[in-house]
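Colleague: Data file data.pdb (PDB, C-alpha atoms) is appended below.
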MODEL        1
ATOM      1  CA  MET K   1     -54.105 -31.603  29.545  1.00  0.00           C
ATOM      2  CA  ILE K   2     -57.075 -33.952  29.910  1.00  0.00           C
ATOM      3  CA  ALA K   3     -60.548 -32.521  30.580  1.00  0.00           C
ATOM      4  CA  LEU K   4     -62.628 -34.575  33.013  1.00  0.00           C
ATOM      5  CA  GLY K   5     -66.333 -34.484  33.691  1.00  0.00           C
ATOM      6  CA  SER K   6     -68.849 -36.714  35.409  1.00  0.00           C
ATOM      7  CA  ASP K   7     -72.184 -36.757  37.114  1.00  0.00           C
ATOM      8  CA  HIS K   8     -72.892 -38.381  40.481  1.00  0.00           C
ATOM      9  CA  GLY K   9     -73.091 -41.829  38.857  1.00  0.00           C
ATOM     10  CA  GLY K  10     -69.609 -41.458  37.421  1.00  0.00           C
ATOM     11  CA  TYR K  11     -68.007 -39.674  40.369  1.00  0.00           C
ATOM     12  CA  ASP K  12     -66.292 -42.680  41.979  1.00  0.00           C
ATOM     13  CA  LEU K  13     -64.856 -43.937  38.688  1.00  0.00           C
ATOM     14  CA  LYS K  14     -63.689 -40.413  37.826  1.00  0.00           C
ATOM     15  CA  GLN K  15     -61.747 -40.412  41.107  1.00  0.00           C
ATOM     16  CA  LYS K  16     -60.026 -43.638  39.988  1.00  0.00           C
ATOM     17  CA  VAL K  17     -59.196 -42.037  36.629  1.00  0.00           C
ATOM     18  CA  ILE K  18     -57.762 -39.023  38.467  1.00  0.00           C
ATOM     19  CA  ALA K  19     -55.529 -41.334  40.539  1.00  0.00           C
ATOM     20  CA  TYR K  20     -54.360 -43.015  37.306  1.00  0.00           C
ATOM     21  CA  LEU K  21     -53.586 -39.639  35.666  1.00  0.00           C
ATOM     22  CA  GLU K  22     -51.711 -38.453  38.743  1.00  0.00           C
ATOM     23  CA  GLU K  23     -49.691 -41.677  38.876  1.00  0.00           C
ATOM     24  CA  LYS K  24     -48.751 -41.244  35.206  1.00  0.00           C
ATOM     25  CA  LYS K  25     -48.077 -37.515  35.749  1.00  0.00           C
ATOM     26  CA  ILE K  26     -50.647 -36.588  33.100  1.00  0.00           C
ATOM     27  CA  PRO K  27     -52.078 -33.109  33.700  1.00  0.00           C
ATOM     28  CA  TYR K  28     -55.858 -32.791  33.933  1.00  0.00           C
ATOM     29  CA  LYS K  29     -58.614 -30.339  34.757  1.00  0.00           C
ATOM     30  CA  ASP K  30     -61.712 -31.599  36.530  1.00  0.00           C
ATOM     31  CA  PHE K  31     -64.853 -29.782  35.409  1.00  0.00           C
ATOM     32  CA  GLY K  32     -67.012 -31.527  38.027  1.00  0.00           C
ATOM     33  CA  CYS K  33     -69.089 -32.821  39.575  1.00  0.00           C
ATOM     34  CA  ASP K  34     -67.521 -32.681  43.016  1.00  0.00           C
ATOM     35  CA  SER K  35     -69.563 -35.261  44.960  1.00  0.00           C
ATOM     36  CA  LYS K  36     -72.046 -38.116  44.685  1.00  0.00           C
ATOM     37  CA  GLU K  37     -74.952 -35.722  45.227  1.00  0.00           C
ATOM     38  CA  SER K  38     -77.484 -35.980  42.401  1.00  0.00           C
ATOM     39  CA  CYS K  39     -76.695 -33.599  39.543  1.00  0.00           C
ATOM     40  CA  ASP K  40     -77.222 -33.144  35.800  1.00  0.00           C
ATOM     41  CA  TYR K  41     -74.638 -34.787  33.513  1.00  0.00           C
ATOM     42  CA  PRO K  42     -75.097 -32.319  30.589  1.00  0.00           C
ATOM     43  CA  VAL K  43     -73.577 -29.506  32.673  1.00  0.00           C
ATOM     44  CA  PHE K  44     -70.322 -31.367  33.269  1.00  0.00           C
ATOM     45  CA  GLY K  45     -70.153 -33.153  29.915  1.00  0.00           C
ATOM     46  CA  ARG K  46     -70.517 -29.837  28.092  1.00  0.00           C
ATOM     47  CA  ALA K  47     -67.937 -28.070  30.280  1.00  0.00           C
ATOM     48  CA  ALA K  48     -65.323 -30.747  29.572  1.00  0.00           C
ATOM     49  CA  ALA K  49     -66.223 -30.831  25.866  1.00  0.00           C
ATOM     50  CA  GLU K  50     -65.943 -27.052  25.528  1.00  0.00           C
ATOM     51  CA  ALA K  51     -62.437 -27.199  27.014  1.00  0.00           C
ATOM     52  CA  VAL K  52     -61.451 -29.769  24.376  1.00  0.00           C
ATOM     53  CA  ALA K  53     -63.144 -27.872  21.545  1.00  0.00           C
ATOM     54  CA  ASP K  54     -61.485 -24.550  22.386  1.00  0.00           C
ATOM     55  CA  GLY K  55     -58.046 -26.095  22.846  1.00  0.00           C
ATOM     56  CA  ARG K  56     -57.619 -25.655  26.592  1.00  0.00           C
ATOM     57  CA  CYS K  57     -57.401 -29.445  26.809  1.00  0.00           C
ATOM     58  CA  GLU K  58     -56.042 -31.914  24.274  1.00  0.00           C
ATOM     59  CA  LYS K  59     -58.486 -34.722  25.095  1.00  0.00           C
ATOM     60  CA  GLY K  60     -61.363 -35.375  27.455  1.00  0.00           C
ATOM     61  CA  ILE K  61     -62.852 -38.177  29.524  1.00  0.00           C
ATOM     62  CA  VAL K  62     -66.468 -38.056  30.670  1.00  0.00           C
ATOM     63  CA  ILE K  63     -68.318 -40.559  32.834  1.00  0.00           C
ATOM     64  CA  CYS K  64     -71.918 -41.136  33.886  1.00  0.00           C
ATOM     65  CA  THR K  65     -73.725 -44.323  34.883  1.00  0.00           C
ATOM     66  CA  THR K  66     -74.064 -45.675  31.328  1.00  0.00           C
ATOM     67  CA  GLY K  67     -71.882 -43.187  29.456  1.00  0.00           C
ATOM     68  CA  ILE K  68     -74.706 -42.603  27.003  1.00  0.00           C
ATOM     69  CA  GLY K  69     -76.143 -39.304  28.195  1.00  0.00           C
ATOM     70  CA  ILE K  70     -72.808 -37.647  28.875  1.00  0.00           C
ATOM     71  CA  SER K  71     -71.430 -38.741  25.482  1.00  0.00           C
ATOM     72  CA  ILE K  72     -74.475 -37.277  23.726  1.00  0.00           C
ATOM     73  CA  SER K  73     -73.984 -34.024  25.659  1.00  0.00           C
ATOM     74  CA  ALA K  74     -70.275 -33.852  24.760  1.00  0.00           C
ATOM     75  CA  ASN K  75     -70.992 -34.529  21.101  1.00  0.00           C
ATOM     76  CA  LYS K  76     -73.311 -31.491  20.922  1.00  0.00           C
ATOM     77  CA  VAL K  77     -70.201 -29.290  21.122  1.00  0.00           C
ATOM     78  CA  ALA K  78     -68.788 -28.479  17.672  1.00  0.00           C
ATOM     79  CA  GLY K  79     -65.377 -30.027  17.117  1.00  0.00           C
ATOM     80  CA  VAL K  80     -65.831 -32.816  19.643  1.00  0.00           C
ATOM     81  CA  ARG K  81     -65.767 -36.465  18.632  1.00  0.00           C
ATOM     82  CA  CYS K  82     -66.691 -38.317  21.815  1.00  0.00           C
ATOM     83  CA  ALA K  83     -66.708 -42.111  21.674  1.00  0.00           C
ATOM     84  CA  LEU K  84     -68.514 -44.257  24.220  1.00  0.00           C
ATOM     85  CA  CYS K  85     -66.231 -47.223  24.876  1.00  0.00           C
ATOM     86  CA  ALA K  86     -66.724 -50.278  27.065  1.00  0.00           C
ATOM     87  CA  ASP K  87     -63.693 -52.226  25.796  1.00  0.00           C
ATOM     88  CA  THR K  88     -60.097 -51.549  24.819  1.00  0.00           C
ATOM     89  CA  LEU K  89     -60.529 -52.478  21.146  1.00  0.00           C
ATOM     90  CA  SER K  90     -63.173 -49.770  20.698  1.00  0.00           C
ATOM     91  CA  ALA K  91     -60.894 -47.268  22.440  1.00  0.00           C
ATOM     92  CA  LYS K  92     -58.016 -48.209  20.141  1.00  0.00           C
ATOM     93  CA  MET K  93     -60.070 -48.102  16.954  1.00  0.00           C
ATOM     94  CA  THR K  94     -61.783 -44.797  17.731  1.00  0.00           C
ATOM     95  CA  ARG K  95     -58.362 -43.176  18.108  1.00  0.00           C
ATOM     96  CA  LEU K  96     -56.854 -44.872  15.030  1.00  0.00           C
ATOM     97  CA  HIS K  97     -59.817 -44.303  12.699  1.00  0.00           C
ATOM     98  CA  ASN K  98     -61.901 -41.449  14.143  1.00  0.00           C
ATOM     99  CA  ASP K  99     -59.238 -39.393  15.927  1.00  0.00           C
ATOM    100  CA  ALA K 100     -61.756 -39.195  18.785  1.00  0.00           C
ATOM    101  CA  ASN K 101     -60.787 -36.425  21.161  1.00  0.00           C
ATOM    102  CA  MET K 102     -63.067 -37.490  23.992  1.00  0.00           C
ATOM    103  CA  LEU K 103     -63.774 -40.792  25.699  1.00  0.00           C
ATOM    104  CA  ALA K 104     -67.044 -41.560  27.471  1.00  0.00           C
ATOM    105  CA  MET K 105     -67.493 -44.483  29.838  1.00  0.00           C
ATOM    106  CA  GLY K 106     -70.323 -45.896  31.895  1.00  0.00           C
ATOM    107  CA  ALA K 107     -69.405 -46.438  35.529  1.00  0.00           C
ATOM    108  CA  GLY K 108     -72.258 -48.919  35.857  1.00  0.00           C
ATOM    109  CA  ILE K 109     -71.064 -50.801  32.765  1.00  0.00           C
ATOM    110  CA  VAL K 110     -67.286 -51.137  33.154  1.00  0.00           C
ATOM    111  CA  GLY K 111     -65.401 -51.951  36.317  1.00  0.00           C
ATOM    112  CA  GLU K 112     -62.408 -50.010  37.559  1.00  0.00           C
ATOM    113  CA  ASN K 113     -59.710 -52.282  36.097  1.00  0.00           C
ATOM    114  CA  LEU K 114     -61.252 -52.366  32.633  1.00  0.00           C
ATOM    115  CA  ALA K 115     -61.969 -48.630  32.747  1.00  0.00           C
ATOM    116  CA  LEU K 116     -58.327 -47.833  33.454  1.00  0.00           C
ATOM    117  CA  GLU K 117     -57.214 -50.115  30.610  1.00  0.00           C
ATOM    118  CA  ILE K 118     -59.656 -48.283  28.310  1.00  0.00           C
ATOM    119  CA  VAL K 119     -58.259 -44.915  29.451  1.00  0.00           C
ATOM    120  CA  ASP K 120     -54.682 -46.103  28.924  1.00  0.00           C
ATOM    121  CA  THR K 121     -55.492 -47.371  25.426  1.00  0.00           C
ATOM    122  CA  PHE K 122     -57.373 -44.200  24.495  1.00  0.00           C
ATOM    123  CA  LEU K 123     -54.640 -41.861  25.707  1.00  0.00           C
ATOM    124  CA  ASN K 124     -51.764 -43.830  24.170  1.00  0.00           C
ATOM    125  CA  THR K 125     -53.143 -44.691  20.733  1.00  0.00           C
ATOM    126  CA  PRO K 126     -52.337 -42.113  18.054  1.00  0.00           C
ATOM    127  CA  PHE K 127     -54.543 -41.254  15.093  1.00  0.00           C
ATOM    128  CA  SER K 128     -53.440 -43.290  12.074  1.00  0.00           C
ATOM    129  CA  GLY K 129     -53.405 -40.244   9.827  1.00  0.00           C
ATOM    130  CA  GLU K 130     -54.537 -42.361   6.891  1.00  0.00           C
ATOM    131  CA  GLU K 131     -56.187 -40.332   4.134  1.00  0.00           C
ATOM    132  CA  ARG K 132     -59.391 -42.391   4.108  1.00  0.00           C
ATOM    133  CA  HIS K 133     -59.882 -41.854   7.844  1.00  0.00           C
ATOM    134  CA  GLN K 134     -59.120 -38.133   7.627  1.00  0.00           C
ATOM    135  CA  ARG K 135     -61.572 -37.843   4.719  1.00  0.00           C
ATOM    136  CA  ARG K 136     -64.301 -39.445   6.835  1.00  0.00           C
ATOM    137  CA  ILE K 137     -63.548 -37.188   9.806  1.00  0.00           C
ATOM    138  CA  ASN K 138     -63.824 -34.202   7.476  1.00  0.00           C
ATOM    139  CA  LEU K 139     -67.256 -35.470   6.377  1.00  0.00           C
ATOM    140  CA  ILE K 140     -68.341 -35.798  10.021  1.00  0.00           C
ATOM    141  CA  GLU K 141     -67.127 -32.290  10.813  1.00  0.00           C
ATOM    142  CA  GLY K 142     -69.016 -30.970   7.770  1.00  0.00           C
TER     143      GLY K 142
ENDMDL
END
So that I can check it, write out the structure of this file as structure tokens.
Modeller:
Amino acid sequence: MIALGSDHGGYDLKQKVIAYLEEKKIPYKDFGCDSKESCDYPVFGRAAAEAVADGRCEKGIVICTTGIGISISANKVAGVRCALCADTLSAKMTRLHNDANMLAMGAGIVGENLALEIVDTFLNTPFSGEERHQRRINLIEG
């Protein structure tokens, strides 16, 4: 199950991600927002992050206009490693090396086609499991 969250600036792109997940038959839970009406990204970033942290969802995807604020909000939740990605290489490497469990994107930064390629890469790249990377994750987690 994939946790989703966005603010008004990420709403349209989140709808595209939902269509992608439905097409691929990947289950998801949308933690909001539910429209393009102005709202506060920390509410929805935290809700999605908490679902990942407590195990209700395996991974999460959060979106705001730049991806910055919502990624910061998600990363405040213990156990979340949310990576802001604007290209597929970053999405691949954050899964391989950081075992990131959440992806943040900026709807005003990446277009729909690139965003869906980033999502596909993030969801389909496994953690490498290499000792050096696990050691570093353990240091991050403290």
Colleague: Considering all atoms listed in the file, can you say which of K:Val77, K:Ala83, K:Val110, K:Cys57 comes closest to Pro27 in chain K?
Modeller: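 Smallest distance to Pro27 in chain K is found for K:Cys57.
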Colleague: Assuming the chain letters and numbering stay as they are in my file, what does the PyMOL selection byres ((chain K and resi 8) around 7) actually select? List them as a PyMOL selection string.
Modeller: chain K and resi 6-7+9-11+33+35-39
Colleague: Quick one: apply the PyMOL selection byres ((chain K and resi 118) around 10) to the file and drop the selected residues here as a list in words.
Modeller: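 Given this file, the PyMOL selection byres ((chain K and resi 118) around 10) evaluates to Cys85, Ala86, Asp87, Thr88, Leu89, Ser90, Ala91, Lys92, Leu103, Met105, Val110, Glu112, Asn113, Leu114, Ala115, Leu116, Glu117, Val119, Asp120, Thr121, Phe122, Leu123 and Asn124 of chain K.
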Colleague: Give me, please, the distance in Å between CA of Ile18 in chain K and CA of Ile137 in chain K, quoted to one decimal.
Modeller: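 CA of Ile18 in chain K sits 29.3 Å away from CA of Ile137 in chain K.
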Colleague: May I ask for the distance between CA of Ser128 in chain K and CA of Asn101 in chain K, given in Å to one decimal place?
Modeller: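 Computed distance, CA of Ser128 in chain K to CA of Asn101 in chain K, equals 13.6 Å.
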Colleague: Would you please work out which residue, of K:Ile61, K:Ala74, K:Ile140, K:Cys82, is nearest to Tyr41 in chain K when using only C-alpha atoms?
Modeller: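 Closest to Tyr41 in chain K of all the choices is K:Ala74.
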Colleague: Quick one: residues within 12 Å of Asp54 in chain K, only C-alpha atoms counted, chain neighbours fewer than 5 positions away excluded, as a ChimeraX atom specification?
Modeller: /K:3,46-49,59-60,77-80,101
Colleague: Mind pulling up the distance from CA of Leu21 in chain K to CA of Val43 in chain K?
Modeller: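 Separating CA of Val43 in chain K from CA of Leu21 in chain K is a distance of 22.6 Å.
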Colleague: Let me know the centre plus edge lengths, in Å and rounded to one decimal, of a box with edges along x, y and z that contains all listed atoms of range 62-73 of chain K and is padded by 5 Å on every side, as AutoDock Vina command-line options.
Modeller:
--center_x -71.3 --center_y -39.8 --center_z 29.3 --size_x 19.7 --size_y 21.7 --size_z 21.2
Colleague: Care to translate the PyMOL selection byres ((chain K and resi 73) around 6) into actual residues of this file, as a ChimeraX atom specification?
Modeller: /K:42,45-46,70-72,74-76
Colleague: Could you tell me which of K:Asp34, K:Met1, K:Ile109, K:Arg132 comes closest to Gly55 in chain K if we count all atoms listed in the file?
Modeller: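 So, comparing all the options, the nearest one is K:Met1.
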Colleague: Given the choices K:Ile2, K:Leu96, K:Ile63, K:Ala104, which gets closest to Glu130 in chain K if the distance is worked out from only C-alpha atoms?
Modeller: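 Residue with the minimum atom-to-atom distance to Glu130 in chain K: K:Leu96.
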Colleague: Restricted to C-alpha atoms, what does range 40-89 of chain K look like when written out as a compact mmCIF listing (two decimals), in the first residue's frame?
Modeller:
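As a result, decode33.txt now contains:
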# COMPACT_ATOMS: atom_id res chain seq x y z
CA ASP K 40 -1.28 23.51 4.66
CA TYR K 41 1.14 20.86 3.33
CA PRO K 42 2.43 19.76 6.79
CA VAL K 43 -0.98 18.28 7.64
CA PHE K 44 -1.00 15.95 4.64
CA GLY K 45 2.73 15.23 4.55
CA ARG K 46 2.65 14.16 8.19
CA ALA K 47 -0.47 12.01 7.75
CA ALA K 48 1.12 10.08 4.87
CA ALA K 49 4.44 9.79 6.73
CA GLU K 50 2.77 8.47 9.88
CA ALA K 51 1.09 5.74 7.81
CA VAL K 52 4.50 4.69 6.47
CA ALA K 53 6.18 4.89 9.87
CA ASP K 54 3.54 2.78 11.63
CA GLY K 55 3.45 0.16 8.88
CA ARG K 56 -0.02 0.80 7.47
CA CYS K 57 1.69 1.64 4.18
CA GLU K 58 4.91 0.25 2.73
CA LYS K 59 5.98 3.46 0.98
CA GLY K 60 4.71 6.99 0.50
CA ILE K 61 4.59 9.70 -2.14
CA VAL K 62 4.06 13.34 -1.18
CA ILE K 63 3.75 16.33 -3.48
CA CYS K 64 3.66 20.11 -3.07
CA THR K 65 4.68 22.88 -5.44
CA THR K 66 8.44 22.46 -4.90
CA GLY K 67 8.46 19.25 -2.86
CA ILE K 68 10.65 20.94 -0.28
CA GLY K 69 8.16 21.77 2.46
CA ILE K 70 6.27 18.50 2.29
CA SER K 71 9.52 16.48 2.33
CA ILE K 72 10.69 18.36 5.43
CA SER K 73 7.33 17.67 7.09
CA ALA K 74 7.49 13.95 6.23
CA ASN K 75 11.04 13.66 7.52
CA LYS K 76 9.98 14.96 10.95
CA VAL K 77 8.25 11.60 11.52
CA ALA K 78 10.57 9.05 13.14
CA GLY K 79 11.35 6.14 10.84
CA VAL K 80 10.68 8.05 7.63
CA ARG K 81 13.39 8.61 5.04
CA CYS K 82 11.75 10.91 2.49
CA ALA K 83 13.80 11.85 -0.56
CA LEU K 84 12.98 14.83 -2.75
CA CYS K 85 13.61 13.70 -6.32
CA ALA K 86 13.37 15.60 -9.59
CA ASP K 87 15.01 12.94 -11.78
CA THR K 88 14.99 9.17 -12.14
CA LEU K 89 18.64 8.68 -11.17
